[in-house]
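Chemist: final-v6.csv (CSV, C-alpha atoms) pasted underneath:
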chain,number,residue,atom,x,y,z
S,200,MET,CA,42.3,61.8,363.6
S,201,PRO,CA,42.0,59.2,364.8
S,202,HIS,CA,40.1,57.4,362.1
S,203,TYR,CA,39.1,53.8,362.6
S,204,ARG,CA,38.0,52.0,359.5
S,205,CYS,CA,36.1,48.8,360.2
S,206,PHE,CA,35.9,46.4,357.2
S,207,ILE,CA,32.9,44.1,357.7
S,208,PRO,CA,30.9,41.6,355.7
S,209,GLU,CA,27.8,43.0,354.0
S,210,ASN,CA,24.8,43.1,356.3
S,211,ALA,CA,26.9,41.7,359.2
S,212,LEU,CA,26.0,44.5,361.7
S,213,SER,CA,22.9,46.4,362.4
S,214,PHE,CA,22.8,50.2,362.8
S,215,ASP,CA,22.6,49.8,366.6
S,216,GLN,CA,25.6,47.5,366.6
S,217,ARG,CA,27.6,50.0,364.5
S,218,GLN,CA,26.7,52.8,366.7
S,219,GLU,CA,27.6,50.8,369.9
S,220,ILE,CA,31.0,50.0,368.4
S,221,ALA,CA,31.5,53.6,367.4
S,222,LEU,CA,30.7,54.7,370.9
S,223,ALA,CA,32.9,52.0,372.4
S,224,PHE,CA,35.8,53.0,370.2
S,225,THR,CA,35.4,56.6,371.2
S,226,ASP,CA,35.4,55.7,374.9
S,227,ILE,CA,38.5,53.4,374.5
S,228,HIS,CA,40.5,55.8,372.4
S,229,CYS,CA,39.8,58.9,374.6
S,230,GLY,CA,40.3,56.9,377.8
S,231,SER,CA,43.7,55.7,376.5
S,232,THR,CA,45.0,58.8,374.9
S,233,GLY,CA,43.1,61.8,376.4
S,234,ALA,CA,42.0,62.9,372.9
S,235,PRO,CA,38.8,64.9,372.6
S,236,ARG,CA,35.8,62.8,371.7
S,237,SER,CA,34.8,64.8,368.7
S,238,PHE,CA,38.0,63.9,366.9
S,239,VAL,CA,37.3,60.2,366.9
S,240,SER,CA,36.0,59.0,363.6
S,241,VAL,CA,34.7,55.5,363.0
S,242,THR,CA,33.7,54.3,359.5
S,243,PHE,CA,32.2,50.9,358.6
S,244,LEU,CA,32.9,49.6,355.1
S,245,GLU,CA,30.9,46.6,353.9
S,246,THR,CA,32.3,44.0,351.6
S,247,PRO,CA,29.8,42.0,349.5
S,248,GLU,CA,29.9,38.3,349.7
S,249,GLY,CA,32.5,36.8,347.4
S,250,GLN,CA,34.5,40.0,347.1
S,251,THR,CA,37.6,41.1,348.9
S,252,HIS,CA,38.7,44.4,350.4
S,253,GLU,CA,42.2,45.9,350.7
S,254,HIS,CA,43.1,43.7,353.6
S,255,GLY,CA,41.6,40.5,352.3
S,256,LYS,CA,38.3,39.0,353.4
S,257,GLY,CA,36.1,39.2,356.5
S,258,TYR,CA,36.6,41.6,359.4
S,259,PHE,CA,39.5,44.0,359.7
S,260,LEU,CA,40.1,47.0,362.0
S,261,ASP,CA,42.3,49.6,360.4
S,262,GLY,CA,43.2,52.5,362.6
S,263,GLY,CA,45.0,55.7,361.6
S,264,ASN,CA,46.5,57.7,364.5
S,265,ARG,CA,48.9,60.5,365.3
S,266,ALA,CA,52.5,59.3,365.5
S,267,GLY,CA,54.3,59.5,368.8
S,268,ARG,CA,52.8,56.9,371.1
S,269,SER,CA,54.7,53.9,372.5
S,270,GLU,CA,54.3,50.5,370.9
S,271,GLU,CA,52.9,49.3,374.2
S,272,VAL,CA,50.1,51.9,374.2
S,273,LYS,CA,49.3,51.1,370.5
S,274,GLN,CA,49.0,47.3,371.2
S,275,LEU,CA,46.9,47.8,374.2
S,276,LEU,CA,44.6,50.2,372.3
S,277,LEU,CA,44.2,47.7,369.4
S,278,SER,CA,43.5,44.9,371.8
S,279,ASP,CA,40.9,46.8,373.6
S,280,LEU,CA,39.2,47.9,370.4
S,281,THR,CA,39.2,44.4,369.1
S,282,GLN,CA,37.7,43.0,372.3
S,283,ALA,CA,34.9,45.7,372.2
S,284,PHE,CA,34.2,45.0,368.5
S,285,ALA,CA,34.1,41.3,369.1
S,286,ARG,CA,31.7,41.6,372.0
S,287,VAL,CA,29.2,43.8,370.1
S,288,ALA,CA,29.5,41.9,366.8
S,289,ASN,CA,29.4,38.5,368.6
S,290,VAL,CA,32.5,37.4,366.7
S,291,SER,CA,35.6,35.8,368.1
S,292,PRO,CA,38.5,38.3,368.5
S,293,ASP,CA,40.6,35.8,366.7
S,294,ASN,CA,38.6,36.5,363.6
S,295,ILE,CA,39.2,40.3,363.7
S,296,PRO,CA,42.7,41.1,362.6
S,297,GLY,CA,43.7,44.7,362.7
S,298,ARG,CA,46.5,47.3,362.8
S,299,ILE,CA,47.2,50.8,363.8
S,300,THR,CA,49.2,53.0,361.4
S,301,GLU,CA,50.6,56.4,362.2
S,302,ASN,CA,51.4,59.7,360.5
S,303,PRO,CA,52.9,62.8,361.9
S,304,ALA,CA,50.2,65.1,363.5
S,305,SER,CA,51.6,68.0,361.5
S,306,TRP,CA,50.4,66.5,358.3
S,307,THR,CA,46.7,66.9,359.2
S,308,MET,CA,44.5,69.9,359.7
S,309,GLU,CA,41.3,69.3,361.6
S,310,GLY,CA,38.8,71.8,363.0
S,311,GLY,CA,40.8,74.5,361.4
S,312,PHE,CA,44.0,73.7,363.3
S,313,VAL,CA,47.1,71.7,362.5
S,314,LEU,CA,47.0,68.8,364.9
S,315,PRO,CA,49.4,68.9,367.8
S,316,GLU,CA,51.8,66.0,368.5
S,317,PRO,CA,50.5,63.7,371.2
S,318,GLY,CA,51.2,65.3,374.6
S,319,GLN,CA,51.6,68.8,373.0
S,320,GLU,CA,47.9,69.7,373.0
S,321,GLY,CA,47.5,73.2,374.4
S,322,PRO,CA,44.4,74.8,376.0
S,323,GLU,CA,43.5,76.5,372.7
S,324,TRP,CA,43.3,73.2,370.9
S,325,TYR,CA,41.1,71.6,373.6
S,326,ALA,CA,38.9,74.7,373.7
S,327,ALA,CA,38.4,74.4,369.9
S,328,ALA,CA,37.6,70.7,370.2
S,329,GLU,CA,35.1,71.3,372.9
S,330,ALA,CA,33.5,74.1,370.8
S,331,ALA,CA,33.2,71.7,367.9
S,332,ALA,CA,31.6,69.0,370.0
S,333,ALA,CA,29.1,71.5,371.4
S,334,ALA,CA,28.2,72.6,367.9
S,335,ASP,CA,27.3,69.1,366.8
W,74,MET,CA,51.8,61.1,341.4
W,75,ILE,CA,49.6,63.1,343.6
W,76,THR,CA,46.5,61.3,344.9
W,77,PHE,CA,43.5,62.4,347.0
W,78,ASN,CA,41.1,60.1,348.7
W,79,CYS,CA,38.0,62.1,349.6
W,80,THR,CA,35.8,60.3,352.2
W,81,ILE,CA,32.4,62.0,352.3
W,82,GLN,CA,29.2,61.2,354.1
W,83,GLU,CA,26.1,60.4,352.0
W,84,GLY,CA,24.1,63.5,351.2
W,85,ILE,CA,26.7,66.0,352.3
W,86,VAL,CA,28.6,66.8,349.1
W,87,PRO,CA,26.4,66.9,346.0
W,88,GLU,CA,27.6,64.9,343.0
W,89,ASP,CA,27.4,67.9,340.7
W,90,ILE,CA,30.1,69.9,342.6
W,91,ARG,CA,32.6,67.0,342.9
W,92,PRO,CA,34.3,67.6,339.5
W,93,ARG,CA,34.9,71.2,340.5
W,94,LEU,CA,36.3,70.1,343.9
W,95,ALA,CA,38.6,67.6,342.2
W,96,SER,CA,39.9,70.2,339.7
W,97,GLU,CA,40.5,72.7,342.4
W,98,LEU,CA,42.3,70.1,344.5
W,99,ALA,CA,44.6,69.4,341.5
W,100,ARG,CA,45.1,73.1,340.7
W,101,ILE,CA,45.9,74.1,344.3
W,102,THR,CA,48.2,71.2,345.1
W,103,THR,CA,50.2,71.4,341.9
W,104,GLY,CA,50.5,75.1,342.6
W,105,PHE,CA,52.4,74.3,345.8
W,106,VAL,CA,54.3,71.1,344.9
W,107,GLY,CA,54.6,71.3,341.1
W,108,GLY,CA,53.4,68.8,338.5
W,109,ASN,CA,50.6,68.6,336.0
W,110,PRO,CA,47.1,69.1,337.4
W,111,ASP,CA,45.8,66.6,334.8
W,112,GLU,CA,47.9,63.9,336.5
W,113,VAL,CA,46.4,64.4,339.9
W,114,SER,CA,44.1,61.5,340.9
W,115,VAL,CA,41.0,62.2,343.0
W,116,ASN,CA,39.0,59.3,344.4
W,117,TRP,CA,35.6,59.6,346.1
W,118,ILE,CA,34.5,57.3,348.9
W,119,GLU,CA,30.9,57.9,349.8
W,120,ILE,CA,29.9,56.5,353.2
W,121,PRO,CA,26.2,55.5,353.4
W,122,HIS,CA,24.1,57.1,356.0
W,123,GLY,CA,24.4,55.2,359.3
W,124,PHE,CA,27.9,53.9,358.5
W,125,GLY,CA,30.0,57.0,359.5
W,126,PHE,CA,30.4,58.2,363.1
W,127,ARG,CA,32.3,60.9,364.8
W,128,GLY,CA,32.5,61.1,368.6
W,129,GLY,CA,30.1,58.2,368.6
W,130,ARG,CA,27.4,60.2,366.7
W,131,LEU,CA,26.5,60.2,363.0
W,132,SER,CA,29.1,62.1,361.1
W,133,THR,CA,28.8,64.9,358.6
W,134,THR,CA,32.6,65.2,358.3
W,135,SER,CA,34.5,65.0,355.0
W,136,ALA,CA,38.0,63.8,355.1
W,137,VAL,CA,40.3,65.0,352.2
W,138,ARG,CA,43.5,63.0,352.4
W,139,GLY,CA,46.2,63.8,350.0
W,140,GLU,CA,49.4,62.0,349.2
W,141,ILE,CA,52.1,64.3,347.9
W,142,PRO,CA,55.7,64.0,346.9
W,143,PRO,CA,57.9,63.8,350.1
W,144,GLY,CA,59.9,66.6,351.4
W,145,LEU,CA,57.6,69.6,351.5
W,146,GLN,CA,58.5,72.1,354.1
W,147,GLN,CA,56.1,72.2,357.0
W,148,GLU,CA,55.3,75.9,356.5
W,149,THR,CA,54.3,75.2,352.9
W,150,ARG,CA,52.4,72.1,353.8
W,151,VAL,CA,50.3,74.2,356.2
W,152,GLU,CA,49.6,76.7,353.5
W,153,LEU,CA,48.6,73.9,351.2
W,154,MET,CA,46.2,72.4,353.7
W,155,GLN,CA,44.8,75.8,354.6
W,156,SER,CA,44.2,76.6,350.9
W,157,ILE,CA,42.4,73.3,350.4
W,158,GLN,CA,40.3,73.9,353.5
W,159,ASP,CA,39.3,77.4,352.3
W,160,MET,CA,38.3,76.1,348.9
W,161,TRP,CA,36.4,73.1,350.2
W,162,MET,CA,34.4,75.3,352.7
W,163,ASP,CA,33.7,77.8,350.0
W,164,LEU,CA,32.3,75.3,347.5
W,165,THR,CA,30.5,72.9,349.9
W,166,GLY,CA,29.4,75.3,352.6
W,167,CYS,CA,30.7,73.1,355.4
W,168,THR,CA,32.3,74.4,358.6
W,169,THR,CA,35.9,73.9,359.8
W,170,ASP,CA,34.5,71.3,362.2
W,171,GLU,CA,33.1,69.2,359.3
W,172,LEU,CA,36.4,68.9,357.5
W,173,VAL,CA,39.7,67.0,357.9
W,174,VAL,CA,42.5,67.8,355.5
W,175,SER,CA,45.8,66.0,355.3
W,176,ALA,CA,48.8,66.3,353.1
W,177,ARG,CA,50.9,63.2,353.7
W,178,ASP,CA,54.2,62.3,352.2
W,179,ARG,CA,53.8,59.6,349.6
W,180,ARG,CA,55.4,56.4,350.6
W,181,ASP,CA,57.1,54.7,347.8
W,182,ASN,CA,56.9,51.0,348.7
Would you write the structure of this file as structure tokens?
Modeler:
Amino acid sequence: MPHYRCFIPENALSFDQRQEIALAFTDIHCGSTGAPRSFVSVTFLETPEGQTHEHGKGYFLDGGNRAGRSEEVKQLLLSDLTQAFARVANVSPDNIPGRITENPASWTMEGGFVLPEPGQEGPEWYAAAEAAAAAD
Amino acid sequence: MITFNCTIQEGIVPEDIRPRLASELARITTGFVGGNPDEVSVNWIEIPHGFGFRGGRLSTTSAVRGEIPPGLQQETRVELMQSIQDMWMDLTGCTTDELVVSARDRRDN
């Protein structure tokens, strides 16, 4: 966690655009929350023309985060992500709906550790995250 | 109903071991929460190369996301996730840093 799923039309984005968006999302999320970079996952899911995905048609940003952040932080995060996506994809932000859903951190194990609640990350957890990033 | 959505990166988890992974997910999970292993649903979502990133770089991470009946004690939930992690690492050869396991309460909408 976090995991951002980007629903996109088929062939809408090049590899370079996808990578730029993934980097931007990582920068934005970590800048907003202080999370380690290696924990930010971004996946792009293409929808063939004429078909729909679980949120309808076209673009959709679906974020899954740890619970415990304020509504203000979540809305600002989603707005920043949408703006970054729109800039790289050359699409109006109005055409990129999205949401951020949350689950308790304690329901997920990542890097061998149960995730701490936001604000409860101890030195051991950060050390493990840094080790994981270094091993990539 | 217990459901698992396994999001894997192309080329990381061979197709021929997926049935074993699925049956082990069902066996382990019903061992903790009860139920019939045959009624556990396991879905595979393979992300094509170049479409999955972690930390801004191409990802090799698998995400095993389970939805289980609500109310499991946290200590038991951790044991369940640990057991799934151990099994997955054993069968796939991945490291702890290449695996995310979750056991979420099912939401009955």
Chemist: Contacts between chain W and chain S, please, where a residue of chain S counts if it comes within 6 Å (with all atoms listed in the file); show its shortest atom pair and distance in Å to one decimal, rows by chain and ascending number, as CSV.
Modeler:
residue,atom,partner,partner_atom,distance
S:Ala221,CA,W:Gly129,CA,5.0
S:Leu222,CA,W:Gly129,CA,4.2
S:Thr225,CA,W:Gly128,CA,6.0
S:Arg236,CA,W:Gly128,CA,4.8
S:Ser237,CA,W:Gly128,CA,4.4
S:Val239,CA,W:Gly128,CA,5.2
S:Ser240,CA,W:Arg127,CA,4.3
S:Val241,CA,W:Phe126,CA,5.1
S:Thr242,CA,W:Gly125,CA,4.6
S:Phe243,CA,W:Phe124,CA,5.2
S:Trp306,CA,W:Ala176,CA,5.4
S:Thr307,CA,W:Ser175,CA,4.1
S:Met308,CA,W:Val174,CA,5.1
S:Glu309,CA,W:Val173,CA,4.6
S:Gly310,CA,W:Asp170,CA,4.4
S:Gly311,CA,W:Thr169,CA,5.2
S:Ala331,CA,W:Asp170,CA,5.9
Chemist: From the options W:Thr102, W:Asn116, W:Ser96, W:Asn109, which residue's atoms come nearest to Phe77 in chain W, counting all atoms listed in the file?
Modeler: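 Smallest separation from Phe77 in chain W among the options: W:Asn116.
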Chemist: Quick one, how far is CA of Asn289 in chain S from CA of Asn264 in chain S?
Modeler: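 Atom-to-atom, CA of Asn289 in chain S to CA of Asn264 in chain S, that is 26.0 Å.
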Chemist: Quick one: pull the distance between CA of Leu153 in chain W and CA of Arg204 in chain S, Å, one decimal.
Modeler: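 CA of Arg204 in chain S lies 25.7 Å from CA of Leu153 in chain W.
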Chemist: Could you tell me how far CA of Gln216 in chain S sits from CA of Ser291 in chain S, in Å to one decimal place?
Modeler: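 Rounded to one decimal, the two atoms are 15.5 Å apart.
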Chemist: Considering all atoms listed in the file, state which residue in the set S:Leu275, S:Ile295, S:Ala330, S:Ala234 is at the smallest distance from Phe206 in chain S.
Modeler: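 Checking each of S:Leu275, S:Ile295, S:Ala330, S:Ala234 against Phe206 in chain S, counting all atoms listed in the file, the winner is S:Ile295.
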Chemist: Find the spatial neighbours of range 244-253 of chain S, counting only C-alpha atoms, within a cut-off of 6 Å - ignore same-chain residues fewer than 5 positions away - and output them as a list in words.
Modeler: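 In the requested format, the answer is Phe206, Ile207, Pro208 and Glu209 of chain S.
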Chemist: Neighbouring residues of Glu270 in chain S were defined as those with any atom within 12 Å, considering all atoms listed in the file; residues of the same chain fewer than 3 positions away were excluded. Please report them as an mmCIF file with C-alpha atoms, keeping the file's coordinate frame.
Modeler:
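result27.cif, freshly written:
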data_model
loop_
_atom_site.group_PDB
_atom_site.id
_atom_site.type_symbol
_atom_site.label_atom_id
_atom_site.label_comp_id
_atom_site.auth_asym_id
_atom_site.auth_seq_id
_atom_site.Cartn_x
_atom_site.Cartn_y
_atom_site.Cartn_z
ATOM 1 C CA ALA S 266 52.500 59.300 365.500
ATOM 2 C CA GLY S 267 54.300 59.500 368.800
ATOM 3 C CA LYS S 273 49.300 51.100 370.500
ATOM 4 C CA GLN S 274 49.000 47.300 371.200
ATOM 5 C CA LEU S 275 46.900 47.800 374.200
ATOM 6 C CA LEU S 276 44.600 50.200 372.300
ATOM 7 C CA LEU S 277 44.200 47.700 369.400
ATOM 8 C CA ARG S 298 46.500 47.300 362.800
ATOM 9 C CA ILE S 299 47.200 50.800 363.800
ATOM 10 C CA THR S 300 49.200 53.000 361.400
ATOM 11 C CA GLU S 301 50.600 56.400 362.200
#
Chemist: I'd like the contact shell of Ala283 in chain S - 8 Å cut-off, only C-alpha atoms, skipping same-chain residues fewer than 2 positions apart - returned as a list in words.
Modeler: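 Neighbouring residues, sequence-local ones excluded: Ile220, Ala223, Phe224, Asp279, Leu280, Thr281, Ala285, Arg286 and Val287 of chain S.
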Chemist: Leaving out Pro142 in chain W and any residue of its chain fewer than 2 positions from it, which residues lie within 9 Å of it when counting only C-alpha atoms, given as an mmCIF file with C-alpha atoms, in the coordinates of the input?
Modeler:
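Result went into selection-v6.cif, see below:
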data_model
loop_
_atom_site.group_PDB
_atom_site.id
_atom_site.type_symbol
_atom_site.label_atom_id
_atom_site.label_comp_id
_atom_site.auth_asym_id
_atom_site.auth_seq_id
_atom_site.Cartn_x
_atom_site.Cartn_y
_atom_site.Cartn_z
ATOM 1 C CA MET W 74 51.800 61.100 341.400
ATOM 2 C CA ILE W 75 49.600 63.100 343.600
ATOM 3 C CA VAL W 106 54.300 71.100 344.900
ATOM 4 C CA GLU W 140 49.400 62.000 349.200
ATOM 5 C CA GLY W 144 59.900 66.600 351.400
ATOM 6 C CA LEU W 145 57.600 69.600 351.500
ATOM 7 C CA ARG W 177 50.900 63.200 353.700
ATOM 8 C CA ASP W 178 54.200 62.300 352.200
ATOM 9 C CA ARG W 179 53.800 59.600 349.600
ATOM 10 C CA ARG W 180 55.400 56.400 350.600
#
